[in-house]
>>> print(open('start.pdb').read())   # PDB, C-alpha atoms and all ligand atoms
ATOM      1  CA  THR A1474    -214.486-272.034  66.716
ATOM      2  CA  ASP A1475    -214.855-268.383  67.649
ATOM      3  CA  LEU A1476    -215.193-269.241  71.330
ATOM      4  CA  ASP A1477    -211.996-271.344  71.217
ATOM      5  CA  ARG A1478    -210.096-268.416  69.733
ATOM      6  CA  PHE A1479    -211.634-266.060  72.271
ATOM      7  CA  ILE A1480    -210.538-268.312  75.154
ATOM      8  CA  ALA A1481    -206.975-268.789  73.891
ATOM      9  CA  GLY A1482    -206.678-265.040  73.267
ATOM     10  CA  LEU A1483    -207.928-264.081  76.722
ATOM     11  CA  PRO A1484    -204.932-263.140  78.897
ATOM     12  CA  LYS A1485    -205.121-265.226  82.041
ATOM     13  CA  ALA A1486    -203.222-266.321  85.125
ATOM     14  CA  GLU A1487    -202.904-269.944  86.138
ATOM     15  CA  LEU A1488    -203.109-270.299  89.922
ATOM     16  CA  HIS A1489    -203.442-274.056  90.425
ATOM     17  CA  LEU A1490    -200.903-276.139  88.574
ATOM     18  CA  HIS A1491    -198.734-278.914  90.004
ATOM     19  CA  ILE A1492    -195.578-278.910  87.920
ATOM     20  CA  GLU A1493    -195.143-282.667  88.482
ATOM     21  CA  GLY A1494    -198.660-283.016  87.063
ATOM     22  CA  SER A1495    -197.552-281.440  83.796
ATOM     23  CA  LEU A1496    -195.188-284.353  83.049
ATOM     24  CA  GLU A1497    -196.414-285.661  79.694
ATOM     25  CA  PRO A1498    -195.883-289.365  78.938
ATOM     26  CA  GLU A1499    -193.477-288.473  76.092
ATOM     27  CA  LEU A1500    -191.205-286.540  78.458
ATOM     28  CA  MET A1501    -191.604-289.285  81.074
ATOM     29  CA  PHE A1502    -190.171-291.788  78.579
ATOM     30  CA  ALA A1503    -187.391-289.439  77.489
ATOM     31  CA  LEU A1504    -186.325-288.815  81.094
ATOM     32  CA  ALA A1505    -186.571-292.519  81.985
ATOM     33  CA  GLU A1506    -184.143-293.220  79.183
ATOM     34  CA  ARG A1507    -181.836-290.276  79.966
ATOM     35  CA  ASN A1508    -181.648-291.287  83.647
ATOM     36  CA  GLN A1509    -181.736-295.056  83.174
ATOM     37  CA  VAL A1510    -184.867-295.330  85.324
ATOM     38  CA  THR A1511    -187.257-298.178  84.553
ATOM     39  CA  ILE A1512    -190.966-297.415  84.347
ATOM     40  CA  PRO A1513    -193.725-300.022  84.397
ATOM     41  CA  PHE A1514    -195.060-299.089  80.969
ATOM     42  CA  ALA A1515    -194.047-300.249  77.492
ATOM     43  CA  SER A1516    -195.318-297.244  75.546
ATOM     44  CA  VAL A1517    -196.789-293.771  75.729
ATOM     45  CA  ASP A1518    -200.174-295.265  74.808
ATOM     46  CA  GLU A1519    -199.915-297.692  77.694
ATOM     47  CA  VAL A1520    -199.223-294.808  80.072
ATOM     48  CA  ARG A1521    -202.236-292.855  78.829
ATOM     49  CA  ALA A1522    -204.426-295.962  79.107
ATOM     50  CA  ALA A1523    -203.515-296.168  82.806
ATOM     51  CA  TYR A1524    -204.955-292.695  83.432
ATOM     52  CA  SER A1525    -208.410-293.728  84.533
ATOM     53  CA  PHE A1526    -209.310-292.738  88.067
ATOM     54  CA  SER A1527    -212.320-293.116  90.312
ATOM     55  CA  ARG A1528    -210.987-291.000  93.163
ATOM     56  CA  LEU A1529    -208.094-288.712  94.122
ATOM     57  CA  GLN A1530    -205.961-291.523  95.592
ATOM     58  CA  ASP A1531    -206.044-293.542  92.326
ATOM     59  CA  PHE A1532    -204.485-290.549  90.607
ATOM     60  CA  LEU A1533    -201.965-289.804  93.369
ATOM     61  CA  ASP A1534    -200.541-293.350  93.226
ATOM     62  CA  ILE A1535    -199.739-293.023  89.527
ATOM     63  CA  TYR A1536    -198.658-289.358  89.804
ATOM     64  CA  TYR A1537    -196.027-290.117  92.471
ATOM     65  CA  GLN A1538    -194.809-293.067  90.390
ATOM     66  CA  GLY A1539    -194.474-290.860  87.300
ATOM     67  CA  ALA A1540    -192.367-288.343  89.224
ATOM     68  CA  GLU A1541    -189.659-290.966  89.784
ATOM     69  CA  VAL A1542    -188.098-290.190  86.399
ATOM     70  CA  LEU A1543    -187.273-286.647  87.598
ATOM     71  CA  ARG A1544    -183.739-286.701  88.950
ATOM     72  CA  THR A1545    -181.501-283.842  87.836
ATOM     73  CA  GLU A1546    -181.688-280.067  87.793
ATOM     74  CA  ARG A1547    -181.959-280.277  84.009
ATOM     75  CA  ASP A1548    -184.993-282.586  84.324
ATOM     76  CA  PHE A1549    -186.833-280.028  86.451
ATOM     77  CA  HIS A1550    -185.814-277.276  84.049
ATOM     78  CA  ASP A1551    -187.113-279.246  81.059
ATOM     79  CA  LEU A1552    -190.342-280.103  82.886
ATOM     80  CA  ALA A1553    -190.946-276.442  83.688
ATOM     81  CA  THR A1554    -190.144-275.065  80.222
ATOM     82  CA  ALA A1555    -192.418-277.657  78.593
ATOM     83  CA  TYR A1556    -195.261-276.466  80.829
ATOM     84  CA  PHE A1557    -194.573-272.749  80.268
ATOM     85  CA  ASP A1558    -194.403-273.177  76.478
ATOM     86  CA  ARG A1559    -197.759-274.946  76.557
ATOM     87  CA  ALA A1560    -199.290-272.421  78.959
ATOM     88  CA  ALA A1561    -198.117-269.441  76.868
ATOM     89  CA  ALA A1562    -199.863-270.977  73.837
ATOM     90  CA  ASP A1563    -203.077-270.961  75.896
ATOM     91  CA  GLY A1564    -202.828-267.262  76.745
ATOM     92  CA  VAL A1565    -201.305-267.659  80.213
ATOM     93  CA  VAL A1566    -199.286-264.534  81.021
ATOM     94  CA  HIS A1567    -198.653-265.324  84.696
ATOM     95  CA  ALA A1568    -198.451-268.684  86.485
ATOM     96  CA  GLU A1569    -198.166-269.549  90.164
ATOM     97  CA  ILE A1570    -196.960-273.127  90.052
ATOM     98  CA  MET A1571    -196.909-275.671  92.868
ATOM     99  CA  PHE A1572    -194.184-278.208  93.471
ATOM    100  CA  ASP A1573    -193.981-281.142  95.885
ATOM    101  CA  PRO A1574    -190.404-281.201  97.254
ATOM    102  CA  GLN A1575    -191.067-284.186  99.538
ATOM    103  CA  THR A1576    -191.824-286.405  96.527
ATOM    104  CA  HIS A1577    -188.222-285.820  95.482
ATOM    105  CA  THR A1578    -186.304-285.461  98.756
ATOM    106  CA  ALA A1579    -187.771-288.824  99.861
ATOM    107  CA  ARG A1580    -185.926-290.348  96.863
ATOM    108  CA  GLY A1581    -182.631-288.656  97.654
ATOM    109  CA  ILE A1582    -183.027-285.740  95.239
ATOM    110  CA  SER A1583    -182.059-282.550  97.057
ATOM    111  CA  PHE A1584    -184.417-279.621  97.557
ATOM    112  CA  ASP A1585    -181.776-277.423  95.912
ATOM    113  CA  THR A1586    -181.722-279.560  92.748
ATOM    114  CA  VAL A1587    -185.499-279.338  92.398
ATOM    115  CA  ILE A1588    -185.846-275.611  92.982
ATOM    116  CA  ALA A1589    -182.779-274.606  90.955
ATOM    117  CA  GLY A1590    -184.186-276.436  87.923
ATOM    118  CA  LEU A1591    -187.637-274.888  88.333
ATOM    119  CA  LEU A1592    -186.209-271.382  88.778
ATOM    120  CA  SER A1593    -184.072-271.641  85.653
ATOM    121  CA  GLY A1594    -187.169-272.836  83.762
ATOM    122  CA  MET A1595    -189.055-269.789  85.050
ATOM    123  CA  ALA A1596    -186.310-267.440  83.890
ATOM    124  CA  GLU A1597    -186.408-269.030  80.452
ATOM    125  CA  ALA A1598    -190.207-268.681  80.245
ATOM    126  CA  GLU A1599    -189.977-264.994  81.050
ATOM    127  CA  ALA A1600    -187.276-264.490  78.404
ATOM    128  CA  ARG A1601    -189.092-266.544  75.745
ATOM    129  CA  HIS A1602    -192.713-265.555  76.321
ATOM    130  CA  GLY A1603    -192.756-262.661  78.800
ATOM    131  CA  LEU A1604    -194.628-265.099  81.052
ATOM    132  CA  THR A1605    -194.040-264.318  84.743
ATOM    133  CA  ALA A1606    -194.147-267.034  87.374
ATOM    134  CA  LYS A1607    -194.094-267.625  91.111
ATOM    135  CA  LEU A1608    -193.445-270.784  93.116
ATOM    136  CA  ILE A1609    -195.699-272.412  95.709
ATOM    137  CA  LEU A1610    -194.040-275.030  97.898
ATOM    138  CA  CYS A1611    -196.608-277.692  98.774
ATOM    139  CA  PHE A1612    -196.462-279.917 101.830
ATOM    140  CA  LEU A1613    -197.722-283.467 101.298
ATOM    141  CA  ARG A1614    -200.545-283.847 103.807
ATOM    142  CA  HIS A1615    -200.295-287.657 104.019
ATOM    143  CA  LEU A1616    -196.880-287.123 105.659
ATOM    144  CA  ASP A1617    -196.493-285.760 109.174
ATOM    145  CA  GLU A1618    -195.967-282.258 110.491
ATOM    146  CA  GLU A1619    -192.328-282.964 111.325
ATOM    147  CA  ASP A1620    -191.590-283.806 107.682
ATOM    148  CA  ALA A1621    -193.280-280.555 106.637
ATOM    149  CA  PHE A1622    -191.135-278.595 109.108
ATOM    150  CA  ALA A1623    -187.975-280.244 107.703
ATOM    151  CA  THR A1624    -189.080-279.196 104.214
ATOM    152  CA  LEU A1625    -189.646-275.607 105.321
ATOM    153  CA  LYS A1626    -186.158-275.692 106.818
ATOM    154  CA  ALA A1627    -184.670-276.942 103.527
ATOM    155  CA  ALA A1628    -186.436-274.053 101.789
ATOM    156  CA  GLU A1629    -184.882-271.408 104.051
ATOM    157  CA  PRO A1630    -182.033-270.389 101.686
ATOM    158  CA  TRP A1631    -184.619-269.906  98.914
ATOM    159  CA  LEU A1632    -187.368-268.042 100.747
ATOM    160  CA  ASP A1633    -187.025-264.910  98.627
ATOM    161  CA  ARG A1634    -187.805-267.044  95.561
ATOM    162  CA  ILE A1635    -190.895-268.744  97.018
ATOM    163  CA  ALA A1636    -194.240-266.918  97.113
ATOM    164  CA  ALA A1637    -196.322-269.282  99.201
ATOM    165  CA  VAL A1638    -196.711-272.651 100.820
ATOM    166  CA  GLY A1639    -199.580-274.992 100.041
ATOM    167  CA  LEU A1640    -201.067-278.296 101.140
ATOM    168  CA  ASP A1641    -201.833-281.151  98.760
ATOM    169  CA  SER A1642    -202.044-284.966  98.395
ATOM    170  CA  GLY A1643    -204.717-287.178  99.981
ATOM    171  CA  GLU A1644    -207.245-284.932 101.686
ATOM    172  CA  LEU A1645    -209.575-287.333 103.525
ATOM    173  CA  GLY A1646    -208.142-288.169 106.956
ATOM    174  CA  ASN A1647    -205.514-285.413 106.682
ATOM    175  CA  PRO A1648    -207.351-282.277 107.843
ATOM    176  CA  PRO A1649    -205.774-278.823 107.764
ATOM    177  CA  GLU A1650    -205.463-278.778 111.577
ATOM    178  CA  LYS A1651    -202.573-281.269 111.235
ATOM    179  CA  PHE A1652    -200.490-278.449 109.692
ATOM    180  CA  ALA A1653    -201.557-275.414 111.720
ATOM    181  CA  ARG A1654    -198.121-274.909 113.319
ATOM    182  CA  VAL A1655    -196.054-275.268 110.147
ATOM    183  CA  PHE A1656    -198.380-272.867 108.332
ATOM    184  CA  ALA A1657    -197.964-270.371 111.189
ATOM    185  CA  ALA A1658    -194.179-270.724 110.852
ATOM    186  CA  ALA A1659    -194.380-270.166 107.087
ATOM    187  CA  ARG A1660    -196.517-267.067 107.591
ATOM    188  CA  ALA A1661    -193.982-265.743 110.126
ATOM    189  CA  GLN A1662    -191.327-266.091 107.416
ATOM    190  CA  GLY A1663    -193.310-263.862 105.078
ATOM    191  CA  LEU A1664    -194.841-266.555 102.879
ATOM    192  CA  ARG A1665    -198.419-266.507 101.610
ATOM    193  CA  LEU A1666    -200.610-269.513 102.340
ATOM    194  CA  VAL A1667    -202.825-271.703 100.176
ATOM    195  CA  ALA A1668    -204.342-275.140 100.779
ATOM    196  CA  HIS A1669    -206.323-277.762  98.907
ATOM    197  CA  ALA A1670    -209.607-278.117 100.781
ATOM    198  CA  GLY A1671    -213.118-279.224  99.909
ATOM    199  CA  GLU A1672    -211.980-281.262  96.894
ATOM    200  CA  GLU A1673    -212.909-284.622  98.462
ATOM    201  CA  GLY A1674    -212.974-283.351 102.040
ATOM    202  CA  PRO A1675    -216.024-281.893 103.788
ATOM    203  CA  PRO A1676    -216.875-278.221 104.289
ATOM    204  CA  ASP A1677    -215.366-278.456 107.768
ATOM    205  CA  TYR A1678    -211.908-278.878 106.186
ATOM    206  CA  VAL A1679    -212.455-275.590 104.335
ATOM    207  CA  ARG A1680    -213.449-273.962 107.622
ATOM    208  CA  GLN A1681    -210.264-275.322 109.221
ATOM    209  CA  ALA A1682    -208.172-273.976 106.339
ATOM    210  CA  LEU A1683    -209.628-270.521 107.041
ATOM    211  CA  ASP A1684    -209.621-270.584 110.842
ATOM    212  CA  LEU A1685    -206.600-272.743 111.686
ATOM    213  CA  LEU A1686    -204.293-272.118 108.725
ATOM    214  CA  GLY A1687    -205.357-268.585 107.774
ATOM    215  CA  ILE A1688    -205.148-269.259 104.041
ATOM    216  CA  ASP A1689    -204.909-266.457 101.500
ATOM    217  CA  ARG A1690    -206.360-268.619  98.705
ATOM    218  CA  LEU A1691    -208.403-271.817  98.540
ATOM    219  CA  ASP A1692    -207.488-274.626  96.130
ATOM    220  CA  HIS A1693    -210.614-276.352  94.757
ATOM    221  CA  GLY A1694    -213.130-275.566  97.511
ATOM    222  CA  ASN A1695    -215.967-277.283  95.627
ATOM    223  CA  ARG A1696    -217.610-278.835  98.668
ATOM    224  CA  SER A1697    -217.916-275.412 100.348
ATOM    225  CA  LEU A1698    -221.155-275.103  98.377
ATOM    226  CA  GLU A1699    -222.742-277.760 100.597
ATOM    227  CA  ASP A1700    -222.710-275.174 103.403
ATOM    228  CA  PRO A1701    -224.525-271.894 102.666
ATOM    229  CA  VAL A1702    -223.039-270.134 105.705
ATOM    230  CA  LEU A1703    -219.501-271.054 104.630
ATOM    231  CA  THR A1704    -220.243-270.073 101.029
ATOM    232  CA  ALA A1705    -221.503-266.649 102.140
ATOM    233  CA  ARG A1706    -218.399-266.208 104.300
ATOM    234  CA  LEU A1707    -216.041-267.032 101.411
ATOM    235  CA  ALA A1708    -217.922-264.593  99.186
ATOM    236  CA  ARG A1709    -217.903-261.850 101.805
ATOM    237  CA  MET A1710    -214.158-262.171 102.436
ATOM    238  CA  GLY A1711    -213.361-262.182  98.714
ATOM    239  CA  MET A1712    -211.601-265.542  98.937
ATOM    240  CA  THR A1713    -210.254-266.806  95.625
ATOM    241  CA  LEU A1714    -211.107-270.412  94.718
ATOM    242  CA  THR A1715    -208.788-272.143  92.252
ATOM    243  CA  VAL A1716    -211.231-274.462  90.538
ATOM    244  CA  CYS A1717    -210.084-277.228  88.157
ATOM    245  CA  PRO A1718    -212.963-278.486  85.969
ATOM    246  CA  LEU A1719    -211.247-281.322  84.073
ATOM    247  CA  SER A1720    -209.561-282.520  87.270
ATOM    248  CA  ASN A1721    -212.949-282.555  89.001
ATOM    249  CA  LEU A1722    -214.367-284.630  86.166
ATOM    250  CA  LYS A1723    -211.462-287.128  85.983
ATOM    251  CA  LEU A1724    -211.322-287.577  89.768
ATOM    252  CA  CYS A1725    -215.105-287.972  90.002
ATOM    253  CA  VAL A1726    -215.566-284.877  92.157
ATOM    254  CA  VAL A1727    -218.374-284.101  89.698
ATOM    255  CA  GLU A1728    -220.460-286.618  87.783
ATOM    256  CA  SER A1729    -220.257-284.751  84.479
ATOM    257  CA  MET A1730    -219.163-281.366  83.165
ATOM    258  CA  GLU A1731    -222.877-280.524  82.865
ATOM    259  CA  ALA A1732    -223.026-280.882  86.658
ATOM    260  CA  HIS A1733    -219.958-278.726  87.366
ATOM    261  CA  PRO A1734    -220.633-275.914  89.899
ATOM    262  CA  ILE A1735    -218.418-273.247  88.275
ATOM    263  CA  ASP A1736    -221.350-270.998  87.311
ATOM    264  CA  ARG A1737    -223.093-271.575  90.650
ATOM    265  CA  MET A1738    -219.876-270.367  92.301
ATOM    266  CA  LEU A1739    -219.894-267.176  90.237
ATOM    267  CA  ARG A1740    -223.601-266.571  90.918
ATOM    268  CA  ALA A1741    -222.952-267.081  94.654
ATOM    269  CA  GLY A1742    -220.475-264.192  94.492
ATOM    270  CA  LEU A1743    -217.400-266.380  94.894
ATOM    271  CA  ARG A1744    -214.149-265.290  93.259
ATOM    272  CA  ALA A1745    -213.782-268.482  91.241
ATOM    273  CA  THR A1746    -210.978-269.100  88.761
ATOM    274  CA  VAL A1747    -210.336-271.861  86.205
ATOM    275  CA  ASN A1748    -207.091-273.843  86.291
ATOM    276  CA  SER A1749    -205.597-277.101  85.055
ATOM    277  CA  ASP A1750    -204.274-278.854  88.234
ATOM    278  CA  ASP A1751    -202.398-281.780  86.592
ATOM    279  CA  PRO A1752    -202.897-281.272  82.867
ATOM    280  CA  ALA A1753    -200.808-284.235  81.671
ATOM    281  CA  TYR A1754    -203.044-286.562  83.684
ATOM    282  CA  PHE A1755    -206.454-284.967  83.256
ATOM    283  CA  GLY A1756    -206.564-284.438  79.513
ATOM    284  CA  GLY A1757    -206.117-280.733  79.068
ATOM    285  CA  TYR A1758    -204.324-277.460  79.775
ATOM    286  CA  ILE A1759    -205.987-274.264  80.949
ATOM    287  CA  ALA A1760    -207.766-273.309  77.716
ATOM    288  CA  ASP A1761    -209.211-276.841  77.554
ATOM    289  CA  ASN A1762    -210.539-276.283  81.075
ATOM    290  CA  TYR A1763    -212.183-272.976  80.103
ATOM    291  CA  ARG A1764    -213.639-274.649  76.986
ATOM    292  CA  ALA A1765    -214.942-277.678  78.854
ATOM    293  CA  ALA A1766    -216.552-275.542  81.550
ATOM    294  CA  ALA A1767    -218.044-273.181  78.953
ATOM    295  CA  ALA A1768    -219.502-276.067  76.966
ATOM    296  CA  GLY A1769    -220.732-277.994  79.993
ATOM    297  CA  ARG A1770    -222.388-275.047  81.705
ATOM    298  CA  GLY A1771    -223.162-272.681  78.844
ATOM    299  CA  LEU A1772    -220.817-269.939  80.073
ATOM    300  CA  ASP A1773    -220.903-266.784  77.975
ATOM    301  CA  ARG A1774    -218.076-264.407  77.135
ATOM    302  CA  ASP A1775    -218.809-262.225  80.158
ATOM    303  CA  ASP A1776    -218.415-265.257  82.426
ATOM    304  CA  LEU A1777    -215.103-266.159  80.784
ATOM    305  CA  VAL A1778    -213.845-262.594  81.137
ATOM    306  CA  ALA A1779    -214.902-262.621  84.808
ATOM    307  CA  LEU A1780    -213.003-265.875  85.398
ATOM    308  CA  ALA A1781    -209.851-264.515  83.750
ATOM    309  CA  ARG A1782    -210.140-261.245  85.688
ATOM    310  CA  ASN A1783    -210.535-263.220  88.927
ATOM    311  CA  SER A1784    -207.298-265.057  88.130
ATOM    312  CA  PHE A1785    -205.338-261.794  88.306
ATOM    313  CA  LEU A1786    -207.255-260.482  91.319
ATOM    314  CA  GLY A1787    -206.567-263.758  93.116
ATOM    315  CA  SER A1788    -202.881-263.907  92.202
ATOM    316  CA  PHE A1789    -199.980-262.949  94.459
ATOM    317  CA  LEU A1790    -198.942-260.160  92.099
ATOM    318  CA  ASN A1791    -198.844-256.722  93.719
ATOM    319  CA  ASP A1792    -201.610-254.169  93.106
ATOM    320  CA  ASP A1793    -199.721-252.367  90.331
ATOM    321  CA  GLU A1794    -198.970-255.625  88.542
ATOM    322  CA  VAL A1795    -202.611-256.741  88.846
ATOM    323  CA  ALA A1796    -203.795-253.371  87.503
ATOM    324  CA  GLY A1797    -201.427-253.807  84.567
ATOM    325  CA  HIS A1798    -203.209-257.027  83.619
ATOM    326  CA  LEU A1799    -206.826-255.776  83.922
TER     327      LEU A1799
HETATM  328  N1  LIG A1801    -201.532-283.267  93.993
HETATM  329  C1  LIG A1801    -201.574-283.032  92.684
HETATM  330  N2  LIG A1801    -202.830-282.773  92.292
HETATM  331  C2  LIG A1801    -203.614-282.837  93.407
HETATM  332  C3  LIG A1801    -204.986-282.658  93.675
HETATM  333  N3  LIG A1801    -205.868-282.353  92.717
HETATM  334  N4  LIG A1801    -205.421-282.819  94.928
HETATM  335  C4  LIG A1801    -204.568-283.127  95.898
HETATM  336  N5  LIG A1801    -203.268-283.304  95.706
HETATM  337  C5  LIG A1801    -202.780-283.154  94.466
HETATM  338 ZN    ZN A1802    -204.216-279.576  92.958
END
>>> encode(input="start.pdb", output="structure tokens")
Amino acid sequence: TDLDRFIAGLPKAELHLHIEGSLEPELMFALAERNQVTIPFASVDEVRAAYSFSRLQDFLDIYYQGAEVLRTERDFHDLATAYFDRAAADGVVHAEIMFDPQTHTARGISFDTVIAGLLSGMAEAEARHGLTAKLILCFLRHLDEEDAFATLKAAEPWLDRIAAVGLDSGELGNPPEKFARVFAAARAQGLRLVAHAGEEGPPDYVRQALDLLGIDRLDHGNRSLEDPVLTARLARMGMTLTVCPLSNLKLCVVESMEAHPIDRMLRAGLRATVNSDDPAYFGGYIADNYRAAAAGRGLDRDDLVALARNSFLGSFLNDDEVAGHL
């Protein structure tokens, strides 16, 4: 349709994408074979059939299992280029991608292997598509602070290639306060800060992410809307929310796309953006997310333009680079 073409043609930045969550079942099988890793599925269809979740943890269990096929620098390179090719087709001109080093270092894959593969994939994306990219190192919040500090230490030789640190994995029971010191250390090293908060967790976790972590950008943030004072504060400070409509639907953060709060966020003055989170698991890349939100909530072209504009304003590009995209 016209709207589909409009969405794909709209230049946009992707700000919330877990590269391990872009591992399509076909590549999972290819890497399992290449690396002689066994996976508990007989076919691509069987893998897809397993992607039915009633909460975040259901997804995380299968997502960490899927990542086990990733072993070599070439695997991470191939994973990244597959994502960038797909993103470029959706009109993404800049992507700030998250990776979970602890998922790999816990299996004996070195931090250097992971990041070298991702960086070479980024260089290829820029050469092939002119798509620019930045890296966000995420700490797994179900692990302890000490493990996060060890990960930050492993990242030290690569700090000039990392834009930010983030916080992901199971939110409930793992509040931002658990990582206040490691976030302060990351900030002292010149890194920007993001955190998942208010996806399943309460508004107080969002408040902690602001007050105790000092985040520059909020991943998800949906449950902030339960608290009008917090919502007004986020609007006033110009905080960017990286919202992920299809993820919210698949993880039962919303009951239906018709109930998604994306337009309420915009009306509340929040700098909301649309992103794909883990597209291989949630049934769509970024243009699918724009389409689903537009259909579910009757967004018009002005809303879609505002969302795409917010994605550049909320990025970690410098002012000149942002201006070049607006
Ligand atoms: N890791 C990958 N996707 C995630 C999400 N949506 N929430 C928390 N952790 C994640
Ligand atoms: Zn996420």
>>> residues_near_ligand(input="start.pdb", ligand="ligand LIG 1801 (chain A)", cutoff="10 Å", atoms="all atoms listed in the file", output="number ranges by chain")
A: 1489-1495, 1529-1530, 1532-1533, 1536-1537, 1571-1573, 1611-1615, 1640-1644, 1668-1673, 1692-1693, 1716-1717, 1720-1721, 1723-1724, 1749-1752, 1754-1755
>>> atom_distance(input="start.pdb", atom1="atom CA of Gly1757 of chain A", atom2="atom CA of Asn1508 of chain A")
27.0 Å
>>> resolve_selection(input="start.pdb", expression="the PyMOL selection byres (((chain A and resi 1567) around 9) and not hetatm)", output="JSON, numbers by chain")
{"A": [1484, 1485, 1486, 1487, 1488, 1561, 1565, 1566, 1568, 1569, 1603, 1604, 1605, 1606, 1607, 1785, 1788]}
>>> residues_near_point(input="start.pdb", point="(-219.9, -272.5, 80.2)", cutoff="10 Å", atoms="only C-alpha atoms", output="list in words")
Met1730, Glu1731, His1733, Ile1735, Asp1736, Tyr1763, Arg1764, Ala1765, Ala1766, Ala1767, Ala1768, Gly1769, Arg1770, Gly1771, Leu1772, Asp1773, Arg1774, Asp1776 and Leu1777 of chain A
>>> resolve_selection(input="start.pdb", expression="the PyMOL selection byres (((chain A and resi 1504) around 10) and not hetatm)", output="compact mmCIF listing (two decimals) with C-alpha atoms, in the coordinates of the input")
# COMPACT_ATOMS: atom_id res chain seq x y z
CA PRO A 1498 -195.88 -289.36 78.94
CA GLU A 1499 -193.48 -288.47 76.09
CA LEU A 1500 -191.20 -286.54 78.46
CA MET A 1501 -191.60 -289.29 81.07
CA PHE A 1502 -190.17 -291.79 78.58
CA ALA A 1503 -187.39 -289.44 77.49
CA ALA A 1505 -186.57 -292.52 81.98
CA GLU A 1506 -184.14 -293.22 79.18
CA ARG A 1507 -181.84 -290.28 79.97
CA ASN A 1508 -181.65 -291.29 83.65
CA GLN A 1509 -181.74 -295.06 83.17
CA VAL A 1510 -184.87 -295.33 85.32
CA GLU A 1541 -189.66 -290.97 89.78
CA VAL A 1542 -188.10 -290.19 86.40
CA LEU A 1543 -187.27 -286.65 87.60
CA ARG A 1544 -183.74 -286.70 88.95
CA THR A 1545 -181.50 -283.84 87.84
CA ASP A 1548 -184.99 -282.59 84.32
CA ASP A 1551 -187.11 -279.25 81.06
CA LEU A 1552 -190.34 -280.10 82.89
>>> closest_residue(input="start.pdb", among="A:Pro1648, A:Pro1701, A:Gly1594, A:Gly1539", to="Asp1617 of chain A", atoms="all atoms listed in the file")
A:Pro1648
>>> closest_residue(input="start.pdb", among="A:Leu1645, A:Leu1683, A:Val1795, A:Ile1570", to="ligand ZN 1802 (chain A)", atoms="only C-alpha atoms and all ligand atoms")
A:Ile1570
>>> atom_distance(input="start.pdb", atom1="atom CA of Gly1711 of chain A", atom2="atom CA of Asn1783 of chain A")
10.2 Å
>>> axis_aligned_box(input="start.pdb", around="segment 1619-1638 of chain A", padding_each_side="5 Å", output="JSON")
{"center_x": -189.4, "center_y": -274.4, "center_z": 103.4, "size_x": 24.7, "size_y": 28.9, "size_z": 25.8}
